[in-house]
Amino acid sequence: MSFQPNSNDTLNINGKIYRIAEHPYALGMPYGQEGRQAVVYKLLGPETEEMGLKVFKPRFRIPGMVTLAIQLAQFADTPGLAVCRRTVLSARRHSEVLNRFPDLTYAVLMPWVAGPTWMEVMLAETELTPDESLRYARFLAELLTNMEERNTAHCDLSGPNVIMTGMTDPDAAILVAMVDVEQLYGPGIQRPALLPGGSPGYAHLGAVDGIWSPEADRFAGAILIAEMLGWCDPRIRKYSWGESYFDPGEMQKDGERYQLLIQVLRERWGEDIAGIFKLAWESEHLLHAPTFGEWLIALQNIVLLPAKDDHQEAESNPYGESSLGSEPVVIERYFIICPSCKAKNEVESYHDITDLKCKSCLVNMDPFHKNQQETAASADYTSYSAEDTPSIVSVHRTRWGIFAAAVAAFLMVLGWWFFYQNGDMEVETLKLRLRTKEQTIRQVNQKMYDILLTMDDSELVKISEIKLRNETEDGGALGSFTNRFRQNEIRYIAYYLKIENLAAGVKSIRGKIYTKYIRPDGSVNRNPESSPAGFTTAEDFKLSKEASELTSGWGNATSGIYEVGIHQIEFWYNDRLLGKTVFTVY
Amino acid sequence: MYEIMATQKTPALIIYLLDISASMHERLGKKRRIDVVTEALTSAFRQMVFRSTKGGRLAARYRVALLAYSDQVYDIFGGIKTIDQIAQLGVPELSPQRSTGTAKAFAAAKQILSKELPHLDGCPAPLVCHMTDGEFNWDDPEPHARRIMGMRNPDGNVLVENIFITDTCFSDSFQDVSSWSGIMPKSELSSPYAAKLRNMSSAIPDSYREMMRESNYNFAPGSLMLFPGISPELVALGFQMSAATPVR
């Protein structure tokens, strides 16, 4: 009988009676939430115990869940990973309940983690104070750093998989918890047969089909931390896309939401935090994204200071004691240099500056002088004390500045007199400069040309794209380009390689691309009669222009030659691995 | 195509057209046909609720209109309702009426779609799920259905699905529903009305097939959104398909 419980139905698991909880918002319905792989029901046990029962959809009921539960147990005491403490319902140990409900085979019983998901917080536009934003972001960064140091990663981080436990219990020691840990990467854990694709709004462009590696969380984790830090700002809440801050279609693009978030991070949390997020956003590969250790150090360096709104207090004691709920002020100050008298005028920010008059000479300053910002955290201001005022430091700097300007002016006048007294000399000088520039360019080009000619061809060939597709024998498409194939639908898996000649216009490159097709068991697919030694096939190519496409493939007119599992194809040229691709057969 | 996921910001629109003619009193297995349909619809709504529940919140990922028809069309919910609103209302009890004005029902659906489509640019393509157990009276519904199938938004053409509750008309035997690959454009059908419904059925998008695969249903590429309701299980399968818009 398929498992379609009603609210208040009971289950006997290991001698304990659990009741299916009622949905808080759906009249008479059981409390269930469906994800990609399973439906999780809330169970109420004896003595107010709350548990979750994760019932997997048929395709995801894998006997390996039992072993996975044993492997996950090592993380159960990590703050935020309580769901790793779990019982898997198996025929050997839970025959009574499984006889009644076979659909519960390999279902997982685990602690219920109370609290809204981060996605829920964003959808409801729940306000956070700056203090709360910082606390949640720090806790998440600590949790992820803890995992990173243990060579572990969640591998499917996203708003729905992060529970804000601190919101139901403000005194809780654990502020943030993770759920949906079935694809966790860690020591001794077997790679899942089916990896979820990256979650929209959190997936790195290089990993949309899913990734299972210790660095898998770096991008999604960066997005979550940045979202939490930004959420105390009304602008971020207002312009958030919906179930995530970013529209899934704008990931890693220089869009308006990205610009806004960077601006808010910079204004509220400082250049370091904004810079780290920028690195993550612009990373081409997850390995290039910052580690969570770097995030944590930057977050721990943030000092809570009195709110910016209280100008009077800030002016008299800019580095006073912090208090709970106060707005953190970064160690950064904004100045505009007067274009007339060069005096330094302190401002709150570079935005909405109109009719700003210089305090020294009363000239109306151009708001575009915002580019002349200086930060108090750099240069001379790190040893700044509360007694000093900007005007004293400005006086010292201004005296030296005036002297330097006078010397420069004298030299300029001298130079002008020397070079521009004769009008012809000015023209000749310009011509000379132009000729020199052209000559320099020619020399550089020639050097590049010589270098390219001497470089080994294998360093000049680059694979810029690899695509795979299921096709008929004569190349007809049987689906779109993908890295996941259903076993009984496969006929021929064809690869399409886009190869670039980095020396296009200088020289042509020709040779053979060697392919190595590695089966799920690690063996290399070879034809003993025709395959080159150590490889599967060799294909000739010639690159005279910038790019060319190579295609080939393997298969059969009927299905079944591809085993279920993870397959890999490597592409080699002159003993150098140019690229590889991985595909899954299920 | 058909890749846009149903989210609170981009909800999926599903319009149900349910035949409540007098013949729905007849038995399908041990229950009345109308009761089988009500149960299957409840199950589909429950699935939508589960897919919309994240933490303690019910996100409005689906918008549903429920039109029951006999010789008239009855808008059961009084307009389009979001799934969180339906969760509060519950599934209504349907009572069989008289004759089968299928064309009117499709015309009403087309009216809803004409009004809604201009606002559904970033949303999944809408779906019209039609359930019937017999031939229509009065006008032929096929031209209306085909006009609906020609309407579209950036995600794709509007999908039309048909669940045909009948004892005969399909030559396939169903020992195991999970191994059934679906009805193809050239599948043999013994009933002329089933053939008409086939002309009024969209092909199952790949993304929907993928969602159904998770529940172990394996529809072949190119199979149609036409389901023979010869058992309660198959009726339930048809309604499950109607809720198979990809979600995150």
# chains A, B, ... in the order shown; residues from 1 in each chain; ligands from 1
$ select_by_dssp --residues "region 35-195 of chain A" --states "strand (DSSP E or B)" --output "list in words"
Ala38, Val39, Val40, Tyr41, Lys42, Leu43, Leu44, Glu50, Met51, Gly52, Leu53, Lys54, Val55, Phe56, Thr87, Val88, Val108, Leu109, Met110, Pro111, Thr117, Ala153, Val162, Ile163, Ala177, Met178 and Tyr185 of chain A
$ residues_around --residues "Ile518 (chain A)" --least-positions-apart "6" --cutoff "7 Å" --atoms "only C-alpha atoms" --output "list in words"
Val524, Asn525, His567, Gln568 and Ile569 of chain A
$ write_last_selection --atoms "C-alpha atoms" --output "PDB file, in the first residue's frame"
ATOM      1  CA  VAL A 524      39.587   2.381 -20.012  1.00  0.00           C
ATOM      2  CA  ASN A 525      37.384   1.363 -22.921  1.00  0.00           C
ATOM      3  CA  HIS A 567      31.572   7.855 -16.915  1.00  0.00           C
ATOM      4  CA  GLN A 568      34.454  10.084 -17.871  1.00  0.00           C
ATOM      5  CA  ILE A 569      36.030  11.093 -21.162  1.00  0.00           C
TER       6      ILE A 569
END
$ closest_residue --among "B:Ala65, B:Lys115, B:Ala194, B:Glu135" --to "Gly78 (chain B)" --atoms "only C-alpha atoms"
B:Ala65
$ closest_atom_pairs --of "chain B" --to "chain A" --cutoff "9 Å" --atoms "only C-alpha atoms" --output "tab-separated table"
residue	atom	partner	partner_atom	distance
B:Thr7	CA	A:Glu243	CA	7.3
B:Gln8	CA	A:Gly242	CA	7.2
B:Lys9	CA	A:Gly242	CA	6.0
B:Ser43	CA	A:Gln4	CA	8.6
B:Arg46	CA	A:Met29	CA	7.4
B:Gln47	CA	A:Glu34	CA	7.7
B:Met48	CA	A:Glu34	CA	8.8
B:Val49	CA	A:Ala26	CA	7.7
B:Phe50	CA	A:Gln33	CA	4.3
B:Arg51	CA	A:Glu34	CA	4.7
B:Ser52	CA	A:Gln33	CA	7.3
B:Thr53	CA	A:Gln33	CA	5.2
B:Lys54	CA	A:Gln33	CA	6.4
B:Gly55	CA	A:Pro116	CA	5.0
B:Gly56	CA	A:Pro116	CA	6.1
B:Arg57	CA	A:Glu120	CA	6.6
B:Leu58	CA	A:Tyr25	CA	6.8
B:Ala59	CA	A:Leu123	CA	8.2
B:Asp84	CA	A:Ala26	CA	7.3
B:Gln85	CA	A:Ala26	CA	8.7
B:Ile86	CA	A:Ala26	CA	8.2
B:Ala87	CA	A:Ala26	CA	4.5
B:Gln88	CA	A:Ala26	CA	5.6
B:Leu89	CA	A:Leu27	CA	7.7
B:Gly90	CA	A:Leu27	CA	6.8
B:Asp206	CA	A:Gly479	CA	8.9
B:Met211	CA	A:Arg36	CA	8.7
B:Arg213	CA	A:Arg59	CA	7.2
B:Glu214	CA	A:Arg59	CA	5.1
B:Ser215	CA	A:Pro58	CA	5.3
B:Asn216	CA	A:Pro58	CA	5.8
B:Ala220	CA	A:Glu489	CA	9.0
B:Pro221	CA	A:Leu478	CA	8.9
B:Val247	CA	A:Arg36	CA	8.1
B:Arg248	CA	A:Ser199	CA	7.1
$ residues_around --residues "region 468-473 of chain A" --least-positions-apart "4" --cutoff "12 Å" --atoms "only C-alpha atoms" --output "ChimeraX atom specification"
/A:477-498,550-559,562,567-569,580-585
$ atom_distance --atom1 "CA of Phe239 (chain B)" --atom2 "CA of Thr132 (chain B)"
12.5 Å
$ atom_distance --atom1 "CA of Pro11 (chain B)" --atom2 "CA of Gln240 (chain B)"
17.2 Å
$ atom_distance --atom1 "CA of Gly293 (chain A)" --atom2 "CA of Cys232 (chain A)"
23.3 Å
$ residues_around --residues "Ser283 (chain A)" --least-positions-apart "4" --cutoff "10 Å" --atoms "only C-alpha atoms" --output "PyMOL selection string"
chain A and resi 204-206+219+252+277-279+287-290
$ residues_around --residues "Glu210 (chain B)" --least-positions-apart "4" --cutoff "9 Å" --atoms "only C-alpha atoms" --output "ChimeraX atom specification"
/B:205-206,214,218-219,244,246
$ select_by_dssp --residues "region 21-182 of chain B" --states "helix (DSSP H, G or I)" --output "JSON, numbers by chain"
{"B": [22, 23, 24, 25, 33, 34, 35, 36, 37, 38, 39, 40, 41, 42, 43, 44, 45, 46, 47, 48, 49, 50, 51, 52, 83, 84, 85, 86, 87, 88, 89, 102, 103, 104, 105, 106, 107, 108, 109, 110, 111, 112, 113, 114, 115, 116, 117, 118, 119, 142, 143, 144, 145, 146, 147, 148, 149, 150, 177, 178, 179]}
